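K.L.:
The structure is given below, and queries will be raised subsequently.
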Amino acid sequence: MGDVLAGIHATWEFDTDSLLIRFERGIRTPRLLQSLRERRIPYAALSSVTLTPGKRSTVVLHAVPRPGADPLLEAAAGQLKEACDPYRLVLPAERETLADYYADELRALLGPEASRPAERFMVSAPEAPMHFKAYDGRAGFDGTLVSFRWYWTGASSAKWKAGDQTFPVADLGGIEWRSPEAFEGYLRLLPRGTDAGTSGADEAPHPAAPRVQPDQDPASVVFGLGYGQVHESLPFAAAVLESVRRTQSVPVATAPVPVGGRRDPADIAERIRHLGDLHRAGLVTDAEYTAKKTELLAEL
């Protein structure tokens, strides 16, 4: 179609085989949409198109993706607020006729598979490397490895005892993301063979085992006020999930691997600064400060 339709917080560009959605950087634009910047949606990834009345004299053009087509929505598992849905374009009510025209044009492009779930991800997740601060640690992802490095002030004794963790994507079966806007939000990594809605694993699940609370699970980071916010942790979860799906055909072990080898100097410096803050606040003794600083410097 080659046309452009500008709405509130986003602009839709109609290409030959896909819809390019560009999100505004304005202060009123939800932070998740700002962090996504733009997304290319193949028409084959859509299941339907709707046009409905919105709030305050607006209409909403909604391109509904097929189940399983978008790793971001798979990771979100229905927890996104309506305003953060990247597939909604809000327009002034006086543009309803134009919106209706484009809705019909999009519907005409939907193929016979539109009513069926997608067999693979068709929309790209945000690209690695990525990182965010959770309440109890710092999560990082370089495209092949997920790392959790615990904070003194937030991590449980169980996590400190387990030590910092790194997880090869090939060892994972999926993720669980509970929104930080809900009670007790967290991101949990699931080993291969785990039966979970966002895992995408084809293997049979392991026998039932007691569920460890996320604050005690070294394969989880927990969220809190200002930690693990949606615009940071959800794109991270989607990127991990997409990488997991790409590597699930490779035979792997399921045990998390402790962090080893040389570390990022910037990460070491950040941890030393954090340790110094604890020392100055009187939460760490002189001996503990010296011992831990020496240990961190030895990892460079």
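Following the order of the structure tokens, chains are lettered A, B, ..., residues in each are numbered from 1, and ligands are numbered from 1.
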Extract the full set of strand (DSSP E or B) residues from segment 26-254 of chain A according to DSSP on the backbone, and format it as a PyMOL selection string.

P.N.:
chain A and resi 38-42+46-53+58-65+88-92+130-133+137-141+145-150+165-168+172-178+186-191+220-222+224+227

K.L.:
Need the shell around Asp3 of chain A: protein/DNA/RNA residues with any atom at most 10 Å away, counting only C-alpha atoms. Skip same-chain ones fewer than 4 positions apart. Format as a PDB file with N, CA, C and O atoms, in the first residue's frame?

P.N.:
ATOM      1  N   TRP A  12       1.825   4.300  11.636  1.00  0.00           N
ATOM      2  CA  TRP A  12       1.849   3.046  10.897  1.00  0.00           C
ATOM      3  C   TRP A  12       2.244   3.323   9.446  1.00  0.00           C
ATOM      4  O   TRP A  12       1.642   4.167   8.780  1.00  0.00           O
ATOM      5  N   GLU A  13       3.245   2.592   8.974  1.00  0.00           N
ATOM      6  CA  GLU A  13       3.673   2.669   7.580  1.00  0.00           C
ATOM      7  C   GLU A  13       3.367   1.329   6.911  1.00  0.00           C
ATOM      8  O   GLU A  13       3.834   0.284   7.376  1.00  0.00           O
ATOM      9  N   PHE A  14       2.608   1.355   5.827  1.00  0.00           N
ATOM     10  CA  PHE A  14       2.165   0.143   5.163  1.00  0.00           C
ATOM     11  C   PHE A  14       3.091  -0.183   3.993  1.00  0.00           C
ATOM     12  O   PHE A  14       3.080   0.502   2.971  1.00  0.00           O
ATOM     13  N   ASP A  15       3.892  -1.227   4.158  1.00  0.00           N
ATOM     14  CA  ASP A  15       4.771  -1.683   3.091  1.00  0.00           C
ATOM     15  C   ASP A  15       4.119  -2.827   2.318  1.00  0.00           C
ATOM     16  O   ASP A  15       2.991  -3.230   2.625  1.00  0.00           O
ATOM     17  N   TYR A 102      -8.335   1.867   6.069  1.00  0.00           N
ATOM     18  CA  TYR A 102      -7.116   1.089   6.280  1.00  0.00           C
ATOM     19  C   TYR A 102      -7.410  -0.249   6.966  1.00  0.00           C
ATOM     20  O   TYR A 102      -6.715  -1.245   6.719  1.00  0.00           O
TER      21      TYR A 102
END

K.L.:
Hey, which of A:Gly68, A:Pro86, A:Arg149, A:Ala63 ends up closest to Phe132 of chain A? Count only C-alpha atoms.

P.N.:
A:Arg149

K.L.:
Please, which residues of segment 17-246 of chain A, numbered as in this document, come out alpha helix (DSSP H) from DSSP, as a ChimeraX atom specification?

P.N.:
/A:31-36,71-76,96-109,157-162,230-246

K.L.:
May I have a table of the residues of segment 126-145 of chain A lying at most 12 Å from segment 29-44 of chain A, giving each one's closest pair of atoms and their distance in Å to one decimal, counting only C-alpha atoms, ordered by chain and ascending residue number, as a Markdown table?

P.N.:
| residue | atom | partner | partner_atom | distance |
| --- | --- | --- | --- | --- |
| A:Pro126 | CA | A:Leu36 | CA | 7.1 |
| A:Glu127 | CA | A:Leu36 | CA | 10.1 |
| A:Met130 | CA | A:Ser35 | CA | 11.8 |

K.L.:
If you keep C-alpha atoms, can you produce a file of those selected residues as a PDB file, in the first residue's frame?

P.N.:
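Heads up, here's the output in again_12.pdb:
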ATOM      1  CA  PRO A 126      14.238  -6.442  20.911  1.00  0.00           C
ATOM      2  CA  GLU A 127      17.903  -7.126  20.218  1.00  0.00           C
ATOM      3  CA  MET A 130      20.248  -5.986  27.264  1.00  0.00           C
TER       4      MET A 130
END

K.L.:
Go through A:Val64, A:Ala134, A:Val90, A:Ala128 and flag the residue nearest Arg107 of chain A, using only C-alpha atoms for the distances.

P.N.:
A:Val64

K.L.:
Pick the closest to Val230 of chain A from A:Arg273, A:Lys133, A:Arg245, A:Arg280: which is it, counting only C-alpha atoms?

P.N.:
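Ranked by minimum distance to Val230 of chain A, first place goes to A:Lys133.
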
K.L.:
What is the atom CA of Ala10 of chain A to atom CA of Ala99 of chain A distance in Å?

P.N.:
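Between these atoms lies a distance of 13.8 Å.
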
K.L.:
Need the shell around segment 113-124 of chain A: protein/DNA/RNA residues with any atom at most 12 Å away, counting only C-alpha atoms. Skip same-chain ones fewer than 4 positions apart. Format as a PDB file with C-alpha atoms, in the first residue's frame?

P.N.:
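The result, written out as around.pdb:
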ATOM      1  CA  SER A  18       4.555  -5.801   6.399  1.00  0.00           C
ATOM      2  CA  LEU A  19       3.412  -3.036   8.703  1.00  0.00           C
ATOM      3  CA  LEU A  20       6.132  -0.824  10.190  1.00  0.00           C
ATOM      4  CA  ILE A  21       5.053   0.728  13.499  1.00  0.00           C
ATOM      5  CA  LEU A  36      10.474  -0.483  21.547  1.00  0.00           C
ATOM      6  CA  GLU A  38       9.741   0.617  16.100  1.00  0.00           C
ATOM      7  CA  ARG A  39       8.488  -2.838  15.139  1.00  0.00           C
ATOM      8  CA  ARG A  40       7.986  -4.502  11.775  1.00  0.00           C
ATOM      9  CA  ILE A  41       4.927  -6.765  11.677  1.00  0.00           C
ATOM     10  CA  PRO A  42       4.531  -9.098   8.679  1.00  0.00           C
ATOM     11  CA  TYR A  43       0.935  -9.177   7.501  1.00  0.00           C
ATOM     12  CA  ALA A  44       1.167 -12.973   7.799  1.00  0.00           C
ATOM     13  CA  ALA A  45       1.571 -12.503  11.580  1.00  0.00           C
ATOM     14  CA  LEU A  46      -1.891 -10.902  11.931  1.00  0.00           C
ATOM     15  CA  SER A  47      -5.114 -12.712  12.737  1.00  0.00           C
ATOM     16  CA  SER A  48      -7.652  -9.889  12.487  1.00  0.00           C
ATOM     17  CA  VAL A  49      -8.155  -6.120  12.388  1.00  0.00           C
ATOM     18  CA  ALA A  63      -4.168  -5.139  14.362  1.00  0.00           C
ATOM     19  CA  VAL A  64      -4.514  -8.353  16.364  1.00  0.00           C
ATOM     20  CA  PRO A  65      -1.514 -10.712  16.080  1.00  0.00           C
ATOM     21  CA  ARG A  66      -1.844 -14.474  15.738  1.00  0.00           C
ATOM     22  CA  PRO A  67      -1.181 -16.386  18.970  1.00  0.00           C
ATOM     23  CA  GLY A  68       2.466 -17.376  19.088  1.00  0.00           C
ATOM     24  CA  ALA A  69       3.608 -14.848  16.469  1.00  0.00           C
ATOM     25  CA  ASP A  70       5.134 -12.205  18.753  1.00  0.00           C
ATOM     26  CA  PRO A  71       7.604 -13.063  21.557  1.00  0.00           C
ATOM     27  CA  LEU A  72       6.780  -9.815  23.357  1.00  0.00           C
ATOM     28  CA  LEU A  73       3.118 -10.726  23.749  1.00  0.00           C
ATOM     29  CA  GLU A  74       3.971 -14.343  24.523  1.00  0.00           C
ATOM     30  CA  ALA A  75       6.222 -13.191  27.370  1.00  0.00           C
ATOM     31  CA  TYR A  87      -0.737  -3.124  18.116  1.00  0.00           C
ATOM     32  CA  LEU A 106      -5.403  -4.761   6.128  1.00  0.00           C
ATOM     33  CA  ARG A 107      -8.175  -7.351   6.302  1.00  0.00           C
ATOM     34  CA  ALA A 108      -7.803  -7.943   2.569  1.00  0.00           C
ATOM     35  CA  LEU A 109      -4.150  -8.866   3.146  1.00  0.00           C
ATOM     36  CA  ALA A 128      20.557  -8.063  22.779  1.00  0.00           C
ATOM     37  CA  GLY A 200       7.462 -23.114  24.055  1.00  0.00           C
ATOM     38  CA  PRO A 235      11.635  -6.578  26.279  1.00  0.00           C
ATOM     39  CA  ALA A 238      10.954 -11.379  25.080  1.00  0.00           C
ATOM     40  CA  ALA A 239      14.538 -11.356  23.775  1.00  0.00           C
ATOM     41  CA  VAL A 240      15.434 -14.343  25.968  1.00  0.00           C
ATOM     42  CA  LEU A 241      12.297 -16.226  24.926  1.00  0.00           C
ATOM     43  CA  GLU A 242      13.000 -15.675  21.237  1.00  0.00           C
ATOM     44  CA  SER A 243      16.565 -16.987  21.653  1.00  0.00           C
ATOM     45  CA  VAL A 244      15.263 -20.011  23.565  1.00  0.00           C
ATOM     46  CA  ARG A 245      12.903 -20.894  20.713  1.00  0.00           C
ATOM     47  CA  ARG A 246      15.762 -20.696  18.210  1.00  0.00           C
TER      48      ARG A 246
END
